Protein chains: 2
Amino acid sequence: MASTTSPIRIGIVGYGNLGRGVEAAVARNPDMQLAGIYTRRDPAQLQPLNAGTPVHAMGSLLSHKGQIDVLILCGGSKDDLPRQAPELAAHFNLIDSFDTHARIPEHFANVDSAAQGGQTTALISAGWDPGMFSINRVMGEALLPDGATYTFWGKGLSQGHSDAIRRVEGVAGGVQYTIPVEEAVNQVRSGVRPELSTRDKHQRECYVVLEQGADAEAVRRSIVEMPHYFDQYDTTVHFISAEELAREHAAMPHGGFVIRSGNTSAQNKQVIEYRLQLDSNPEFTSSVLVAYARAVHRMAQAGQHGCKTVFDVAPGLLSPKSAEQLRAELL
Amino acid sequence: MASTTSPIRIGIVGYGNLGRGVEAAVARNPDMQLAGIYTRRDPAQLQPLNAGTPVHAMGSLLSHKGQIDVLILCGGSKDDLPRQAPELAAHFNLIDSFDTHARIPEHFANVDSAAQGGQTTALISAGWDPGMFSINRVMGEALLPDGATYTFWGKGLSQGHSDAIRRVEGVAGGVQYTIPVEEAVNQVRSGVRPELSTRDKHQRECYVVLEQGADAEAVRRSIVEMPHYFDQYDTTVHFISAEELAREHAAMPHGGFVIRSGNTSAQNKQVIEYRLQLDSNPEFTSSVLVAYARAVHRMAQAGQHGCKTVFDVAPGLLSPKSAEQLRAELL
């Protein structure tokens with residue numbers, strides 16, 4: 001864990017909200033350097049945050065192999081990452097934020113096979129959930145085996161649910177906030193280990209702009225009754241103007257908490273809580289990716305190849321400080 | 001990280017509050033087994049929680065070498081651990097909760113030299129602070145490099161400060177609670193990164209039983225003016241009866257929180273909070289020691305010898321579940 005003298009060279013693949021967040025985060029880490037942004041769009045049309053950041057066509061990535069230590073994949077979990085991560089892990093150390101929980105074992109197997117073949121280190125599913133929340137679920141369970149774990153999300157804007165609203169007929173625009181039910185949170189914090197249904201834990205709040213002439217009540221019903229997305233929740237729909245949507249709902253706040261409550265003896269309850277309050281969901285996810293890219297670089301240097309997850313990364317590997325410094329200053 | 005078939009055999013060295021907590025925690029972990037308690041007292045006089053737990057004289061420890069996978073040292077940081085940990089690390093994998101922050105580098109060096117010589121794995125300074133709080137300080141800093149970290153303790157009973165009260169002339173008994181100042185906590189949670197003095201962050205509350213004929217005001221003054229322990233804090237002293245002390249103040253609650261607040265861009269603040277609410281400080285510390293003993297066993301099996309800290313332990317190593325299971329269930 002000795003500090004390296006030459007900076008860690010990061011390549012960004014894909015330049016949406018996450019890619020922009022990674023560009024900003026790399027600039028805040030003096031031991032890192034941005035090798036370039038790789039895009040499927042016309043590189044000349046892309047406007048990086050920093051005008052000096054090199055932008056390249058995806059097609060040139062392989063020819064830059066010797067100039068990149070770790071690639072940070074900033075594409076989507078649905079279409080981009082399942083294809084890109086195994087393909088690129090054959091050639092590069094990399095990290096992604098693959099977040100389709102149910103398909104993680106399959107994604108892991110594909111990336112692991114590519115990384116073992118290419119003798120690279122590839123970490124999947126970093127971010128805050130999966131990511132920091134997952135770590136706290138594992139540690140909570142290990143520290144308090146006689147207990148229960150609760151994950152609450154919000155208050156925050158859910159991208160998937162906002163997309164679902166926008167697909168409803170008669171909707172011109174809209175966003176959805178996931179809100180933890182305060183009573184449930186307080187119960188869990190008290191250590192009583194309640195049994196909570198989906199409806200007990202979260203509420204959903206929608207801000208919707210109607211298309212000209214749309215039937216508000218029909219739109220409301222289509223939203224609150226939508227299977228999986230809304231039918232199992234108490235959902236409130238507010239109709240607002242396009243101006244209000246643009247003015248009040250453009251930010252991407254999120255967060256939530258993981259609570260483990262358990263007993264270490266019949267009389268003694270213990271409660272562990274990990275909480276995030278994020279003004280910007282994509283910027284925080286990007287910051288997690290960048291810190292874990294440092295760990296990926298170190299694990300690759302130590303010959304620890306194959307697919308990894310946050311469960312495989314010792315906390316010290318995330319810090320630019322040396323092990324001695326961490327023990328002296330932060331232990 | 002494959003699950004082992006034979007249980008991890010734990011030896012407890014020292015049997016006070018912490019040792020009792022470890023005995024209770026091992027019983028809650030089906031992949032572990034208690035090899036025995038080792039004591040400097042007369043083994044026949046010691047009453048374990050479970051009558052079936054073997055109790056041995058310290059002198060027999062070395063001759064039981066082949067029957068123990070990991071020793072958990074449950075002695076004090078002042079006199080026991082600085083001597084015991086290096087001595088025993090020459091022969092056993094072990095873990096301790098050494099918590100004199102300023103002397104950690106020295107303790108690490110002594111234990112490392114013994115463990116390297118003996119080809120054992122020895123993890124020092126596990127618990128919650130140092131321990132879980134330290135991990136959150138390192139991770140918070142790594143995820144949000146442009147930020148500030150705040151550690152608050154309490155509300156909880158401080159052993160060191162309670163001992164200091166009891167040494168005051170005229171005091172027959174007493175306890176001290178450390179209490180975070182709510183206003184400071186709320187400021188920190190809002191993400192504004194305030195500069196806080198020692199006095200701004202914590203208050204101290206003392207419950208004191210006077211000796212017959214003692215001068216209450218003189219005792220109060222000796223406490224609140226005591227250098228280092230109390231003079232930098234707002235301290236309140238309550239005089240109570242011996243009965244009330246025994247009835248209301250026998251438990252050992254503690255806890256606190258580590259908050260990292262930082263910016264990922266000029267406009268976006270992010271706040272990470274890790275919080276513990278503990279009914280029993282020693283029982284929780286014991287639970288942490290037991291989970292990390294599992295990691296020590298696995299690191300020793302993997303040939304990772306020498307002295308370690310919580311910064312060197314990947315979260316997955318703490319769990320009895322396999323890596324596949326963790327990815328499928330908790331990522």
# chains A, B, ... in the order shown; residues from 1 in each chain; ligands from 1
call {"tool": "closest_atom_pairs", "arguments": {"of": "chain A", "to": "chain B", "cutoff": "6 Å", "atoms": "only C-alpha atoms", "output": "CSV"}}
result
residue,atom,partner,partner_atom,distance
A:Pro130,CA,B:Leu331,CA,5.5
A:Ser134,CA,B:Leu331,CA,4.9
A:Ala142,CA,B:Ser319,CA,5.1
A:Leu143,CA,B:Val288,CA,5.5
A:Asn268,CA,B:Asp279,CA,5.2
A:Lys269,CA,B:Asp279,CA,5.5
A:Gln270,CA,B:Leu278,CA,4.6
A:Val271,CA,B:Gln277,CA,5.1
A:Ile272,CA,B:Leu276,CA,4.8
A:Glu273,CA,B:Arg275,CA,5.0
A:Tyr274,CA,B:Tyr274,CA,4.6
A:Arg275,CA,B:Glu273,CA,5.0
A:Leu276,CA,B:Ile272,CA,4.8
A:Gln277,CA,B:Val271,CA,5.1
A:Leu278,CA,B:Gln270,CA,4.6
A:Asp279,CA,B:Asn268,CA,5.2
A:Ser287,CA,B:Leu143,CA,5.6
A:Val288,CA,B:Leu143,CA,5.5
A:Ala291,CA,B:Leu143,CA,5.9
A:Phe311,CA,B:Gly316,CA,4.7
A:Asp312,CA,B:Ala314,CA,5.1
A:Val313,CA,B:Ala314,CA,4.8
A:Ala314,CA,B:Ala314,CA,3.9
A:Pro315,CA,B:Phe311,CA,5.0
A:Gly316,CA,B:Phe311,CA,4.7
A:Leu318,CA,B:Ala142,CA,5.9
A:Ser319,CA,B:Ala142,CA,5.1
A:Leu330,CA,B:Ser134,CA,5.8
A:Leu331,CA,B:Ser134,CA,4.8
call {"tool": "write_last_selection", "arguments": {"atoms": "C-alpha atoms", "output": "mmCIF file, in the first residue's frame"}}
result
data_model
loop_
_atom_site.group_PDB
_atom_site.id
_atom_site.type_symbol
_atom_site.label_atom_id
_atom_site.label_comp_id
_atom_site.auth_asym_id
_atom_site.auth_seq_id
_atom_site.Cartn_x
_atom_site.Cartn_y
_atom_site.Cartn_z
ATOM 1 C CA PRO A 130 -24.918 -1.819 -4.790
ATOM 2 C CA SER A 134 -23.934 -3.697 0.432
ATOM 3 C CA ALA A 142 -21.359 -10.364 10.588
ATOM 4 C CA LEU A 143 -21.168 -8.163 13.703
ATOM 5 C CA ASN A 268 -28.854 -5.806 25.279
ATOM 6 C CA LYS A 269 -29.889 -4.389 21.887
ATOM 7 C CA GLN A 270 -27.355 -2.855 19.517
ATOM 8 C CA VAL A 271 -28.201 -0.705 16.483
ATOM 9 C CA ILE A 272 -25.843 0.109 13.596
ATOM 10 C CA GLU A 273 -26.918 2.708 11.043
ATOM 11 C CA TYR A 274 -25.222 3.832 7.828
ATOM 12 C CA ARG A 275 -26.801 6.849 6.217
ATOM 13 C CA LEU A 276 -26.300 8.852 3.038
ATOM 14 C CA GLN A 277 -27.760 12.277 2.245
ATOM 15 C CA LEU A 278 -26.792 13.082 -1.318
ATOM 16 C CA ASP A 279 -27.393 16.323 -3.179
ATOM 17 C CA SER A 287 -16.802 9.482 -6.347
ATOM 18 C CA VAL A 288 -17.209 5.906 -5.136
ATOM 19 C CA ALA A 291 -11.952 5.681 -4.951
ATOM 20 C CA PHE A 311 -16.668 -7.214 -0.607
ATOM 21 C CA ASP A 312 -13.118 -8.082 -1.722
ATOM 22 C CA VAL A 313 -11.566 -4.670 -1.094
ATOM 23 C CA ALA A 314 -9.815 -3.823 2.192
ATOM 24 C CA PRO A 315 -10.699 -0.241 3.284
ATOM 25 C CA GLY A 316 -7.054 0.875 3.316
ATOM 26 C CA LEU A 318 -9.257 3.106 -1.072
ATOM 27 C CA SER A 319 -7.100 5.790 0.490
ATOM 28 C CA LEU A 330 -7.161 7.549 11.426
ATOM 29 C CA LEU A 331 -7.178 4.293 13.420
#
call {"tool": "select_by_dssp", "arguments": {"residues": "stretch 52-281 of chain A", "states": "strand (DSSP E)", "output": "PyMOL selection string"}}
result
chain A and resi 55-57+70-73+94-95+121-123+147-153+156-157+171-180+202-210+234-239+254-263+269-278
call {"tool": "residues_around", "arguments": {"residues": "stretch 193-204 of chain B", "least_positions_apart": "2", "cutoff": "6 Å", "atoms": "only C-alpha atoms", "output": "count of residues only"}}
result
12
call {"tool": "residues_around", "arguments": {"residues": "A:His161", "least_positions_apart": "3", "cutoff": "12 Å", "atoms": "only C-alpha atoms", "output": "compact mmCIF listing (two decimals) with C-alpha atoms, in the first residue's frame"}}
result
# COMPACT_ATOMS: atom_id res chain seq x y z
CA GLY A 156 -34.56 10.75 -3.49
CA LEU A 157 -35.31 10.90 -7.15
CA SER A 158 -35.66 7.45 -8.69
CA ALA A 164 -42.01 4.78 -15.95
CA ILE A 165 -44.16 7.87 -15.31
CA ARG A 166 -43.02 9.49 -18.55
CA ARG A 167 -44.19 6.46 -20.53
CA VAL A 168 -47.80 6.92 -19.30
CA GLY A 174 -42.40 14.16 -14.58
CA VAL A 175 -40.25 12.90 -11.75
CA GLN A 176 -40.75 10.47 -8.88
CA TYR A 177 -39.37 10.67 -5.35
CA THR A 178 -38.98 7.64 -3.10
CA ARG A 204 -43.81 7.37 -3.68
CA GLU A 205 -44.43 10.97 -4.66
CA CYS A 206 -44.82 12.00 -8.31
CA TYR A 207 -44.66 15.44 -9.92
CA ILE A 223 -49.62 5.75 -12.35
CA VAL A 224 -50.80 4.58 -8.92
CA MET A 226 -48.93 0.48 -12.40
CA PRO A 227 -47.82 -3.07 -11.48
CA HIS A 228 -44.51 -3.47 -9.58
CA TYR A 229 -43.61 0.21 -9.93
CA PHE A 230 -46.44 1.74 -7.92
CA THR A 235 -48.41 6.93 -4.17
call {"tool": "residues_around", "arguments": {"residues": "B:Phe98", "least_positions_apart": "4", "cutoff": "7 Å", "atoms": "only C-alpha atoms", "output": "MDAnalysis selection string"}}
result
chainID B and resid 77 81 124:125
call {"tool": "select_by_dssp", "arguments": {"residues": "stretch 7-103 of chain B", "states": "helix (DSSP H, G or I)", "output": "ChimeraX atom specification"}}
result
/B:17-27,43-45,58-60,62-67,81-89,101-103
call {"tool": "write_last_selection", "arguments": {"atoms": "N, CA and C atoms", "output": "short mmCIF file (atom, residue, chain, number, x, y, z; two decimals), in the first residue's frame"}}
result
data_model
loop_
_atom_site.label_atom_id
_atom_site.label_comp_id
_atom_site.auth_asym_id
_atom_site.auth_seq_id
_atom_site.Cartn_x
_atom_site.Cartn_y
_atom_site.Cartn_z
N ASN B 17 -15.33 -8.13 31.49
CA ASN B 17 -16.52 -7.83 30.68
C ASN B 17 -16.34 -8.24 29.23
N LEU B 18 -15.14 -7.97 28.69
CA LEU B 18 -14.88 -8.26 27.29
C LEU B 18 -14.84 -9.77 27.06
N GLY B 19 -14.15 -10.48 27.93
CA GLY B 19 -14.06 -11.93 27.81
C GLY B 19 -15.43 -12.59 27.87
N ARG B 20 -16.26 -12.10 28.78
CA ARG B 20 -17.63 -12.64 28.88
C ARG B 20 -18.39 -12.35 27.59
N GLY B 21 -18.22 -11.15 27.05
CA GLY B 21 -18.88 -10.79 25.79
C GLY B 21 -18.44 -11.71 24.65
N VAL B 22 -17.15 -12.03 24.62
CA VAL B 22 -16.65 -12.93 23.57
C VAL B 22 -17.25 -14.32 23.74
N GLU B 23 -17.33 -14.79 24.98
CA GLU B 23 -17.93 -16.11 25.21
C GLU B 23 -19.36 -16.12 24.66
N ALA B 24 -20.12 -15.07 24.93
CA ALA B 24 -21.51 -14.99 24.45
C ALA B 24 -21.55 -14.89 22.92
N ALA B 25 -20.64 -14.13 22.33
CA ALA B 25 -20.66 -13.92 20.88
C ALA B 25 -20.28 -15.19 20.12
N VAL B 26 -19.31 -15.93 20.63
CA VAL B 26 -18.90 -17.18 19.95
C VAL B 26 -20.09 -18.13 19.87
N ALA B 27 -20.91 -18.13 20.92
CA ALA B 27 -22.08 -19.02 20.94
C ALA B 27 -23.10 -18.64 19.86
N PRO B 43 -8.36 -21.11 37.96
CA PRO B 43 -9.41 -21.54 37.03
C PRO B 43 -10.63 -22.12 37.75
N ALA B 44 -10.45 -22.74 38.87
CA ALA B 44 -11.56 -23.36 39.59
C ALA B 44 -12.52 -22.31 40.15
N GLN B 45 -11.99 -21.07 40.34
CA GLN B 45 -12.82 -20.01 40.92
C GLN B 45 -13.61 -19.24 39.86
N MET B 58 -3.42 -19.69 32.63
CA MET B 58 -2.63 -19.07 31.57
C MET B 58 -1.40 -19.92 31.24
N GLY B 59 -0.81 -20.53 32.28
CA GLY B 59 0.41 -21.30 32.11
C GLY B 59 0.28 -22.47 31.13
N SER B 60 -0.95 -22.94 30.92
CA SER B 60 -1.13 -24.10 30.04
C SER B 60 -1.35 -23.70 28.57
N LEU B 62 0.46 -22.34 26.09
CA LEU B 62 1.41 -22.76 25.05
C LEU B 62 1.27 -24.24 24.71
N SER B 63 0.96 -25.04 25.72
CA SER B 63 0.86 -26.48 25.48
C SER B 63 -0.43 -26.84 24.72
N HIS B 64 -1.36 -25.86 24.58
CA HIS B 64 -2.61 -26.10 23.83
C HIS B 64 -2.54 -25.55 22.40
N LYS B 65 -1.34 -25.18 22.00
CA LYS B 65 -1.13 -24.51 20.71
C LYS B 65 -1.88 -25.15 19.54
N GLY B 66 -1.82 -26.47 19.42
CA GLY B 66 -2.44 -27.14 18.28
C GLY B 66 -3.95 -27.17 18.32
N GLN B 67 -4.53 -26.75 19.45
CA GLN B 67 -5.99 -26.84 19.60
C GLN B 67 -6.71 -25.50 19.43
N LEU B 81 -2.21 -5.74 27.16
CA LEU B 81 -2.02 -5.97 25.73
C LEU B 81 -0.60 -5.64 25.21
N PRO B 82 0.02 -4.53 25.67
CA PRO B 82 1.36 -4.22 25.14
C PRO B 82 2.36 -5.35 25.40
N ARG B 83 2.18 -6.11 26.45
CA ARG B 83 3.07 -7.21 26.80
C ARG B 83 2.58 -8.51 26.15
N GLN B 84 1.27 -8.81 26.34
CA GLN B 84 0.72 -10.09 25.89
C GLN B 84 0.71 -10.27 24.38
N ALA B 85 0.29 -9.22 23.65
CA ALA B 85 0.09 -9.41 22.21
C ALA B 85 1.39 -9.80 21.50
N PRO B 86 2.52 -9.09 21.73
CA PRO B 86 3.76 -9.52 21.06
C PRO B 86 4.20 -10.92 21.53
N GLU B 87 4.06 -11.18 22.83
CA GLU B 87 4.49 -12.47 23.37
C GLU B 87 3.72 -13.61 22.72
N LEU B 88 2.40 -13.45 22.64
CA LEU B 88 1.56 -14.55 22.12
C LEU B 88 1.56 -14.62 20.59
N ALA B 89 1.78 -13.48 19.92
CA ALA B 89 1.77 -13.49 18.45
C ALA B 89 2.92 -14.32 17.89
N HIS B 101 -4.89 5.23 21.22
CA HIS B 101 -4.64 5.69 19.84
C HIS B 101 -3.19 6.13 19.61
N ALA B 102 -2.64 6.90 20.54
CA ALA B 102 -1.31 7.47 20.34
C ALA B 102 -0.22 6.41 20.28
N ARG B 103 -0.45 5.25 20.89
CA ARG B 103 0.60 4.23 20.93
C ARG B 103 0.39 3.10 19.91
#
call {"tool": "residues_around", "arguments": {"residues": "A:His305", "least_positions_apart": "2", "cutoff": "7 Å", "atoms": "only C-alpha atoms", "output": "mmCIF file with N, CA and C atoms, in the first residue's frame"}}
result
data_model
loop_
_atom_site.group_PDB
_atom_site.id
_atom_site.type_symbol
_atom_site.label_atom_id
_atom_site.label_comp_id
_atom_site.auth_asym_id
_atom_site.auth_seq_id
_atom_site.Cartn_x
_atom_site.Cartn_y
_atom_site.Cartn_z
ATOM 1 N N ALA A 115 -11.524 -11.407 -17.338
ATOM 2 C CA ALA A 115 -10.411 -10.842 -16.574
ATOM 3 C C ALA A 115 -9.359 -11.908 -16.270
ATOM 4 N N GLN A 116 -9.807 -13.133 -15.981
ATOM 5 C CA GLN A 116 -8.832 -14.222 -15.761
ATOM 6 C C GLN A 116 -8.042 -14.455 -17.034
ATOM 7 N N GLN A 119 -5.702 -11.537 -17.543
ATOM 8 C CA GLN A 119 -4.852 -11.214 -16.383
ATOM 9 C C GLN A 119 -5.037 -9.753 -15.973
ATOM 10 N N THR A 120 -6.306 -9.340 -15.902
ATOM 11 C CA THR A 120 -6.640 -7.987 -15.471
ATOM 12 C C THR A 120 -7.457 -8.072 -14.177
ATOM 13 N N THR A 121 -7.703 -6.914 -13.571
ATOM 14 C CA THR A 121 -8.526 -6.829 -12.362
ATOM 15 C C THR A 121 -9.752 -5.980 -12.695
ATOM 16 N N ALA A 300 -4.410 -4.876 -8.970
ATOM 17 C CA ALA A 300 -3.809 -5.330 -10.232
ATOM 18 C C ALA A 300 -2.292 -5.376 -10.086
ATOM 19 N N GLY A 303 -1.066 -8.339 -8.433
ATOM 20 C CA GLY A 303 -1.335 -9.599 -9.128
ATOM 21 C C GLY A 303 -2.643 -10.264 -8.747
ATOM 22 N N CYS A 307 -12.415 -11.069 -11.455
ATOM 23 C CA CYS A 307 -13.494 -10.147 -11.108
ATOM 24 C C CYS A 307 -13.593 -9.985 -9.598
#
call {"tool": "atom_distance", "arguments": {"atom1": "atom CA of B:Val70", "atom2": "atom CA of B:Ala122"}}
result
8.9 Å
